[in-house]
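> Structure: my_file09.tsv, TSV, C-alpha atoms.
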chain	number	residue	atom	x	y	z
A	1	MET	CA	-15.72	-12.41	-75.42
A	2	THR	CA	-16.22	-10.47	-72.26
A	3	THR	CA	-15.78	-11.69	-68.71
A	4	PHE	CA	-18.81	-11.11	-66.51
A	5	ALA	CA	-18.63	-11.43	-62.74
A	6	PHE	CA	-21.58	-12.95	-60.92
A	7	GLU	CA	-22.50	-13.60	-57.34
A	8	VAL	CA	-24.81	-16.49	-56.55
A	9	LEU	CA	-26.51	-16.42	-53.16
A	10	VAL	CA	-27.90	-19.68	-51.82
A	11	SER	CA	-30.00	-19.84	-48.67
A	12	LEU	CA	-32.06	-22.49	-46.91
A	13	LYS	CA	-35.75	-22.12	-47.66
A	14	GLU	CA	-37.86	-20.23	-45.18
A	15	GLY	CA	-39.60	-22.69	-42.89
A	16	LEU	CA	-36.73	-25.18	-42.93
A	17	SER	CA	-34.82	-25.24	-39.69
A	18	ASP	CA	-31.37	-23.72	-40.06
A	19	PRO	CA	-29.22	-25.21	-37.29
A	20	GLN	CA	-26.21	-23.11	-38.28
A	21	GLY	CA	-28.26	-19.93	-38.19
A	22	LYS	CA	-29.62	-20.92	-34.81
A	23	ALA	CA	-26.12	-21.54	-33.40
A	24	VAL	CA	-24.85	-18.21	-34.74
A	25	GLY	CA	-27.93	-16.51	-33.27
A	26	SER	CA	-27.21	-18.02	-29.84
A	27	ALA	CA	-23.59	-16.88	-30.05
A	28	LEU	CA	-24.63	-13.33	-30.97
A	29	SER	CA	-27.05	-13.30	-28.08
A	30	ALA	CA	-24.31	-14.54	-25.73
A	31	LEU	CA	-22.15	-11.62	-26.88
A	32	GLY	CA	-24.87	-9.17	-25.87
A	33	TRP	CA	-26.69	-8.66	-29.17
A	34	THR	CA	-29.98	-9.78	-27.77
A	35	ASN	CA	-31.90	-7.75	-30.37
A	36	VAL	CA	-31.13	-10.15	-33.24
A	37	SER	CA	-34.29	-12.10	-33.94
A	38	GLY	CA	-33.38	-13.92	-37.15
A	39	VAL	CA	-30.12	-15.41	-38.41
A	40	ARG	CA	-29.89	-17.50	-41.57
A	41	VAL	CA	-26.58	-18.86	-42.85
A	42	GLY	CA	-26.21	-19.36	-46.58
A	43	LYS	CA	-23.60	-19.65	-49.30
A	44	HIS	CA	-22.00	-17.07	-51.51
A	45	ILE	CA	-20.53	-18.31	-54.79
A	46	ALA	CA	-18.54	-15.93	-57.00
A	47	LEU	CA	-18.23	-16.78	-60.69
A	48	ASP	CA	-16.32	-15.22	-63.59
A	49	VAL	CA	-18.01	-16.21	-66.84
A	50	ASP	CA	-16.71	-15.64	-70.36
A	51	ALA	CA	-19.54	-15.02	-72.79
A	52	PRO	CA	-20.26	-12.99	-75.93
A	53	ASP	CA	-22.80	-10.84	-74.11
A	54	GLU	CA	-24.51	-10.23	-70.82
A	55	VAL	CA	-27.78	-11.96	-71.70
A	56	THR	CA	-25.99	-15.20	-72.60
A	57	ALA	CA	-23.84	-15.10	-69.50
A	58	THR	CA	-26.84	-14.49	-67.24
A	59	ALA	CA	-28.84	-17.32	-68.80
A	60	GLN	CA	-25.91	-19.70	-68.30
A	61	VAL	CA	-25.44	-18.74	-64.66
A	62	GLN	CA	-29.17	-19.13	-64.03
A	63	GLU	CA	-28.94	-22.67	-65.37
A	64	MET	CA	-25.84	-23.41	-63.26
A	65	ALA	CA	-27.70	-22.10	-60.21
A	66	GLN	CA	-30.63	-24.41	-60.82
A	67	ARG	CA	-28.75	-27.56	-61.88
A	68	LEU	CA	-25.80	-27.63	-59.53
A	69	LEU	CA	-25.31	-24.63	-57.27
A	70	SER	CA	-28.60	-25.03	-55.41
A	71	ASN	CA	-31.03	-27.79	-54.53
A	72	PRO	CA	-34.60	-26.58	-55.12
A	73	VAL	CA	-35.93	-28.98	-52.47
A	74	ILE	CA	-34.19	-27.13	-49.65
A	75	GLU	CA	-32.72	-23.94	-51.02
A	76	ASP	CA	-33.58	-20.61	-52.59
A	77	VAL	CA	-31.09	-19.12	-55.00
A	78	ARG	CA	-30.48	-15.60	-56.28
A	79	VAL	CA	-28.15	-14.61	-59.08
A	80	LEU	CA	-26.61	-11.15	-58.95
A	81	GLU	CA	-24.52	-9.79	-61.78
A	82	VAL	CA	-21.76	-7.67	-60.40
A	83	GLU	CA	-19.92	-6.22	-63.39
A	84	ALA	CA	-18.36	-6.81	-66.75
A	85	LYS	CA	-14.64	-7.10	-66.28
A	86	PRO	CA	-12.36	-5.21	-68.67
B	87	MET	CA	-28.36	-76.43	-61.06
B	88	THR	CA	-25.88	-74.35	-59.12
B	89	VAL	CA	-26.89	-70.93	-57.89
B	90	ARG	CA	-24.25	-68.34	-58.64
B	91	ALA	CA	-23.37	-65.68	-56.09
B	92	PRO	CA	-25.00	-62.35	-56.91
B	93	ARG	CA	-22.52	-59.72	-58.09
B	94	ILE	CA	-22.91	-56.59	-55.98
B	95	GLY	CA	-21.13	-53.47	-57.22
B	96	VAL	CA	-19.90	-50.84	-54.77
B	97	VAL	CA	-19.03	-47.46	-56.25
B	98	THR	CA	-15.96	-45.67	-54.97
B	99	PHE	CA	-16.06	-41.89	-55.34
B	100	PRO	CA	-13.17	-39.64	-54.33
B	101	GLY	CA	-13.84	-39.30	-50.60
B	102	SER	CA	-15.86	-42.51	-50.15
B	103	LEU	CA	-15.05	-44.08	-46.79
B	104	ASP	CA	-17.27	-47.10	-46.41
B	105	ASP	CA	-16.74	-48.75	-49.77
B	106	ARG	CA	-14.36	-51.30	-48.25
B	107	ASP	CA	-16.81	-52.20	-45.48
B	108	ALA	CA	-19.64	-52.47	-48.01
B	109	LEU	CA	-17.57	-54.82	-50.19
B	110	ARG	CA	-16.67	-56.85	-47.12
B	111	ALA	CA	-20.30	-57.02	-45.99
B	112	VAL	CA	-21.31	-58.33	-49.43
B	113	ALA	CA	-18.67	-61.06	-49.20
B	114	THR	CA	-19.61	-61.88	-45.59
B	115	MET	CA	-23.21	-62.37	-46.64
B	116	GLY	CA	-22.29	-64.64	-49.55
B	117	GLY	CA	-22.28	-62.25	-52.49
B	118	GLU	CA	-19.51	-61.47	-54.95
B	119	PRO	CA	-18.22	-57.95	-54.23
B	120	VAL	CA	-17.41	-55.94	-57.34
B	121	PRO	CA	-15.56	-52.63	-56.94
B	122	LEU	CA	-16.82	-49.89	-59.26
B	123	TRP	CA	-15.09	-46.59	-59.99
B	124	HIS	CA	-16.86	-43.22	-60.18
B	125	ALA	CA	-15.07	-42.14	-63.35
B	126	GLU	CA	-15.81	-45.29	-65.35
B	127	ARG	CA	-19.01	-45.71	-67.25
B	128	ASP	CA	-19.03	-49.44	-66.64
B	129	LEU	CA	-21.12	-51.33	-64.11
B	130	ARG	CA	-19.21	-54.53	-64.94
B	131	GLY	CA	-22.36	-56.59	-65.26
B	132	VAL	CA	-23.36	-56.36	-61.61
B	133	ASP	CA	-26.76	-57.46	-60.32
B	134	ALA	CA	-27.10	-54.62	-57.79
B	135	VAL	CA	-25.31	-51.37	-56.96
B	136	VAL	CA	-24.40	-49.94	-53.57
B	137	LEU	CA	-23.50	-46.26	-53.20
B	138	PRO	CA	-21.46	-46.25	-49.99
B	139	GLY	CA	-21.00	-43.74	-47.21
B	140	GLY	CA	-18.29	-41.17	-46.89
B	141	PHE	CA	-17.66	-37.63	-48.05
B	142	SER	CA	-17.68	-37.80	-51.84
B	143	TYR	CA	-15.86	-34.80	-53.34
B	144	GLY	CA	-15.33	-33.51	-49.82
B	145	ASP	CA	-19.06	-32.90	-49.44
B	146	TYR	CA	-18.32	-29.56	-51.13
B	147	LEU	CA	-21.32	-27.43	-52.10
B	148	ARG	CA	-23.85	-29.95	-50.69
B	149	CYS	CA	-23.46	-33.59	-49.69
B	150	GLY	CA	-23.76	-35.66	-52.85
B	151	ALA	CA	-24.23	-32.64	-55.14
B	152	ILE	CA	-21.08	-33.22	-57.16
B	153	ALA	CA	-21.08	-37.02	-57.00
B	154	ARG	CA	-24.48	-37.16	-58.69
B	155	PHE	CA	-22.83	-35.85	-61.88
B	156	ALA	CA	-20.02	-38.44	-61.78
B	157	PRO	CA	-19.80	-40.44	-65.03
B	158	VAL	CA	-20.87	-43.71	-63.35
B	159	MET	CA	-24.09	-42.11	-62.09
B	160	GLU	CA	-25.57	-41.93	-65.57
B	161	ASP	CA	-25.36	-45.72	-65.68
B	162	VAL	CA	-26.62	-46.10	-62.12
B	163	VAL	CA	-29.68	-43.98	-62.94
B	164	ALA	CA	-30.39	-46.09	-66.04
B	165	PHE	CA	-29.79	-49.30	-64.03
B	166	ALA	CA	-32.29	-48.12	-61.40
B	167	GLY	CA	-34.72	-47.22	-64.17
B	168	ARG	CA	-34.66	-50.84	-65.36
B	169	GLY	CA	-35.84	-51.94	-61.91
B	170	GLU	CA	-32.47	-53.24	-60.75
B	171	PRO	CA	-31.61	-52.90	-57.03
B	172	VAL	CA	-29.76	-49.78	-55.91
B	173	LEU	CA	-28.92	-49.13	-52.26
B	174	GLY	CA	-27.56	-45.79	-51.06
B	175	ILE	CA	-26.05	-45.67	-47.59
B	176	CYS	CA	-25.43	-42.35	-45.80
B	177	ASN	CA	-23.54	-40.31	-48.40
B	178	GLY	CA	-25.00	-42.72	-50.97
B	179	PHE	CA	-28.48	-41.78	-49.74
B	180	GLN	CA	-27.56	-38.11	-50.13
B	181	ILE	CA	-26.39	-38.82	-53.70
B	182	LEU	CA	-29.67	-40.62	-54.53
B	183	CYS	CA	-31.66	-37.64	-53.25
B	184	GLU	CA	-29.50	-35.17	-55.16
B	185	SER	CA	-29.87	-37.20	-58.34
B	186	GLY	CA	-33.65	-37.19	-58.01
B	187	LEU	CA	-33.95	-40.98	-57.65
B	188	LEU	CA	-35.38	-40.46	-54.18
B	189	PRO	CA	-37.41	-37.53	-52.83
B	190	GLY	CA	-36.19	-35.05	-50.22
B	191	ALA	CA	-32.74	-33.94	-49.15
B	192	LEU	CA	-30.37	-34.31	-46.20
B	193	ILE	CA	-29.32	-31.26	-44.22
B	194	ARG	CA	-27.22	-30.57	-41.12
B	195	ASN	CA	-28.29	-32.43	-37.98
B	196	ARG	CA	-30.63	-30.49	-35.73
B	197	SER	CA	-28.01	-30.68	-32.96
B	198	LEU	CA	-25.24	-29.40	-35.25
B	199	ARG	CA	-23.23	-32.32	-33.90
B	200	PHE	CA	-21.82	-35.30	-35.71
B	201	VAL	CA	-23.72	-38.28	-34.30
B	202	CYS	CA	-22.03	-41.67	-34.04
B	203	ARG	CA	-23.88	-44.41	-32.20
B	204	ASN	CA	-26.05	-47.49	-32.57
B	205	VAL	CA	-29.72	-46.71	-33.16
B	206	TRP	CA	-32.91	-48.74	-33.45
B	207	LEU	CA	-34.94	-48.56	-36.63
B	208	ARG	CA	-38.53	-49.58	-37.08
B	209	VAL	CA	-39.11	-51.34	-40.37
B	210	GLU	CA	-42.04	-49.74	-42.19
B	211	THR	CA	-42.34	-51.94	-45.27
B	212	SER	CA	-41.05	-55.23	-46.59
B	213	LEU	CA	-41.67	-54.19	-50.21
B	214	THR	CA	-38.12	-53.16	-51.02
B	215	CYS	CA	-34.89	-54.72	-52.24
B	216	VAL	CA	-33.42	-54.55	-48.72
B	217	THR	CA	-36.39	-55.39	-46.49
B	218	ASN	CA	-37.75	-58.56	-48.07
B	219	ASP	CA	-36.45	-60.47	-45.06
B	220	LEU	CA	-38.02	-58.12	-42.52
B	221	THR	CA	-41.50	-57.64	-41.10
B	222	PRO	CA	-43.10	-54.21	-40.82
B	223	GLY	CA	-43.10	-53.11	-37.18
B	224	GLU	CA	-39.98	-55.01	-36.17
B	225	ALA	CA	-36.99	-53.08	-34.85
B	226	ILE	CA	-33.39	-53.62	-35.93
B	227	GLN	CA	-30.20	-52.13	-34.57
B	228	ILE	CA	-27.71	-50.44	-36.90
B	229	PRO	CA	-25.13	-47.70	-36.30
B	230	ILE	CA	-25.38	-44.16	-37.60
B	231	LYS	CA	-22.46	-41.79	-38.11
B	232	HIS	CA	-23.26	-38.54	-39.82
B	233	GLY	CA	-23.28	-34.78	-39.46
B	234	GLU	CA	-25.81	-34.12	-42.19
B	235	GLY	CA	-28.49	-36.74	-41.83
B	236	GLN	CA	-31.60	-34.69	-41.19
B	237	TRP	CA	-33.98	-35.80	-43.93
B	238	VAL	CA	-36.27	-32.99	-45.05
B	239	ALA	CA	-38.68	-32.57	-47.94
B	240	THR	CA	-41.15	-30.13	-49.40
B	241	PRO	CA	-44.67	-30.41	-47.93
B	242	GLU	CA	-45.82	-32.05	-51.19
B	243	GLN	CA	-42.98	-34.59	-51.12
B	244	LEU	CA	-43.59	-35.41	-47.47
B	245	GLU	CA	-47.28	-35.93	-48.17
B	246	ARG	CA	-46.48	-38.25	-51.07
B	247	VAL	CA	-43.81	-40.18	-49.15
B	248	GLU	CA	-46.30	-40.92	-46.37
B	249	SER	CA	-49.40	-41.54	-48.47
B	250	GLU	CA	-47.56	-43.88	-50.87
B	251	SER	CA	-45.76	-45.68	-48.03
B	252	LEU	CA	-42.31	-44.79	-49.31
B	253	VAL	CA	-40.84	-44.71	-45.79
B	254	VAL	CA	-38.66	-47.79	-45.22
B	255	PHE	CA	-37.15	-47.09	-41.80
B	256	ARG	CA	-37.90	-44.70	-38.93
B	257	TYR	CA	-35.70	-43.95	-35.93
B	258	ALA	CA	-37.37	-45.59	-32.96
B	259	SER	CA	-36.88	-47.09	-29.53
B	260	ARG	CA	-35.86	-50.70	-29.08
B	261	ALA	CA	-39.57	-51.48	-28.69
B	262	GLY	CA	-40.29	-49.81	-32.00
B	263	ILE	CA	-41.81	-46.63	-30.58
B	264	VAL	CA	-41.26	-43.68	-32.90
B	265	ASP	CA	-40.91	-40.41	-30.99
B	266	ASP	CA	-38.78	-37.30	-30.88
B	267	ALA	CA	-36.63	-38.66	-28.05
B	268	HIS	CA	-35.34	-41.31	-30.48
B	269	ASN	CA	-34.78	-38.94	-33.38
B	270	PRO	CA	-31.00	-38.49	-33.58
B	271	ASN	CA	-30.88	-35.74	-36.19
B	272	GLY	CA	-34.25	-34.01	-36.43
B	273	ALA	CA	-35.41	-35.85	-39.56
B	274	MET	CA	-39.02	-35.16	-40.54
B	275	HIS	CA	-41.33	-37.88	-39.20
B	276	ASN	CA	-38.20	-39.69	-37.84
B	277	ILE	CA	-37.44	-40.85	-41.37
B	278	ALA	CA	-34.17	-42.79	-41.58
B	279	GLY	CA	-34.66	-44.39	-45.00
B	280	ILE	CA	-36.96	-44.21	-48.00
B	281	ARG	CA	-37.62	-46.04	-51.25
B	282	ASN	CA	-38.79	-45.19	-54.72
B	283	GLU	CA	-42.25	-46.23	-55.94
B	284	ALA	CA	-41.02	-49.56	-57.32
B	285	GLY	CA	-39.01	-50.37	-54.20
B	286	ASN	CA	-35.84	-51.19	-56.13
B	287	VAL	CA	-34.09	-48.00	-54.99
B	288	VAL	CA	-33.56	-47.50	-51.26
B	289	GLY	CA	-31.57	-44.89	-49.38
B	290	LEU	CA	-30.89	-44.76	-45.66
B	291	MET	CA	-28.61	-42.83	-43.32
B	292	PRO	CA	-27.74	-45.76	-40.97
B	293	HIS	CA	-24.93	-48.11	-41.97
B	294	PRO	CA	-26.01	-51.74	-42.48
B	295	GLU	CA	-22.53	-52.54	-43.84
B	296	HIS	CA	-21.11	-51.88	-40.35
B	297	ALA	CA	-23.63	-54.26	-38.79
B	298	VAL	CA	-23.07	-57.70	-40.29
B	299	ASP	CA	-20.24	-59.06	-38.13
B	300	PRO	CA	-21.25	-60.14	-34.60
B	301	ASP	CA	-17.63	-59.76	-33.47
B	302	VAL	CA	-17.72	-55.99	-33.82
B	303	GLY	CA	-21.24	-54.88	-32.97
B	304	PRO	CA	-24.92	-55.28	-33.76
B	305	THR	CA	-25.98	-57.43	-36.70
B	306	GLY	CA	-29.05	-55.50	-37.84
B	307	GLY	CA	-27.47	-55.06	-41.26
B	308	GLN	CA	-27.52	-58.77	-42.07
B	309	PRO	CA	-31.17	-59.01	-43.19
B	310	LEU	CA	-30.71	-55.94	-45.43
B	311	PHE	CA	-27.80	-57.53	-47.27
B	312	ALA	CA	-29.52	-60.92	-47.36
B	313	SER	CA	-32.54	-59.26	-49.01
B	314	LEU	CA	-30.33	-57.28	-51.38
B	315	LEU	CA	-28.47	-60.40	-52.49
B	316	ARG	CA	-31.71	-62.20	-53.22
B	317	ALA	CA	-33.26	-59.20	-54.99
B	318	ALA	CA	-30.07	-58.97	-57.04
B	319	LEU	CA	-30.52	-62.46	-58.40
B	320	VAL	CA	-34.24	-62.01	-59.05
B	321	GLY	CA	-33.49	-58.76	-60.82
B	322	THR	CA	-36.57	-57.03	-59.55
B	323	ALA	CA	-37.40	-55.46	-56.26
B	324	THR	CA	-40.52	-57.08	-54.97
Could you write out this structure as structure tokens?

Amino acid sequence: MTTFAFEVLVSLKEGLSDPQGKAVGSALSALGWTNVSGVRVGKHIALDVDAPDEVTATAQVQEMAQRLLSNPVIEDVRVLEVEAKP
Amino acid sequence: MTVRAPRIGVVTFPGSLDDRDALRAVATMGGEPVPLWHAERDLRGVDAVVLPGGFSYGDYLRCGAIARFAPVMEDVVAFAGRGEPVLGICNGFQILCESGLLPGALIRNRSLRFVCRNVWLRVETSLTCVTNDLTPGEAIQIPIKHGEGQWVATPEQLERVESESLVVFRYASRAGIVDDAHNPNGAMHNIAGIRNEAGNVVGLMPHPEHAVDPDVGPTGGQPLFASLLRAALVGTAT
């Protein structure tokens, strides 16, 4: 077994209003960064997964991302594999 | 023959807040309240199930995302599949959407603020387990209290919800006028509650269980519970 580290990035779908992103955008603008035209706030989920190999681990995390970690009605999800841990 | 009181189960998840009020509302309206526990795969022979409001599992990840995988939910989904009445209130609505029993999802309020006040709802259909006693077009007053009550859906879901008349309640004025000024959270098409195709599963953000006792506020929740109790005994929605 090897431990593989993953990052799962979840963001609200384009086209859906993102009230948090909007509030952060207003705050940035109030601080003088008036050149920021788009702010989206999402989630970052870090996972350590024990699996016999990388392909298995990736397939499992993809399934986790679809079944629990994101809601396909409102969110896009990306799975990034970071590294195999020693 | 004597008519028995319908047994209405109310599921308590870790973080549920309104389970006690829901049980009390059932009793107030003449039903037999039956507490159910999220970890038990046993609906105790109830005639209807209420998923109450609150913050199940701390609302971690997404509202309702973890609760939908609670052991009891497998039975609730099967129960709903048999046409038995299931009502999801607030967090319960979020759980029903997450579990796929109802279309759409609930996201953060447009205002980013937690909203707590009485609102008026226009009834859109009487063909559900909670609106049998109501007439389409009439307005009822019920409180809301939520931070993540903005109902959204994919364009396909929204189209289907409207074309198949799955909307049960819309936020409106006292006169029943639906407009943006009376939309407390930014929900698409002012949608406050929806049903499944059969009408036996209904979810709504407002809290009918807080609106049955005239001593403490509006009583717009009474007809919903009266309908639910009757639907529970009939065993089918419409």
> If you measure from atom CA of Phe4 of chain A to atom CA of Pro72 of chain A, what distance in Å do you get, rounded to one decimal?
24.9 Å
> Would you work out the distance separating atom CA of Leu103 of chain B from atom CA of Gly167 of chain B, expressed in Å to one decimal?
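Between atom CA of Leu103 of chain B and atom CA of Gly167 of chain B the gap is 26.4 Å.
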> Atom CA of Met115 of chain B to atom CA of Val287 of chain B: how many Å, to one decimal?
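Distance between the two atoms: 19.9 Å.
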> Determine the nearest neighbour of chain A from the options B:Val172, B:Val264, B:Ala312, B:Leu188, counting all atoms listed in the file.
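The answer is B:Leu188, which sits nearest to chain A.
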> Have a look at A:Ser17, A:Thr56, A:Ser29, A:Thr34 and name the one nearest to chain B; count all atoms listed in the file.
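Closest to chain B, using all atoms listed in the file: A:Ser17.
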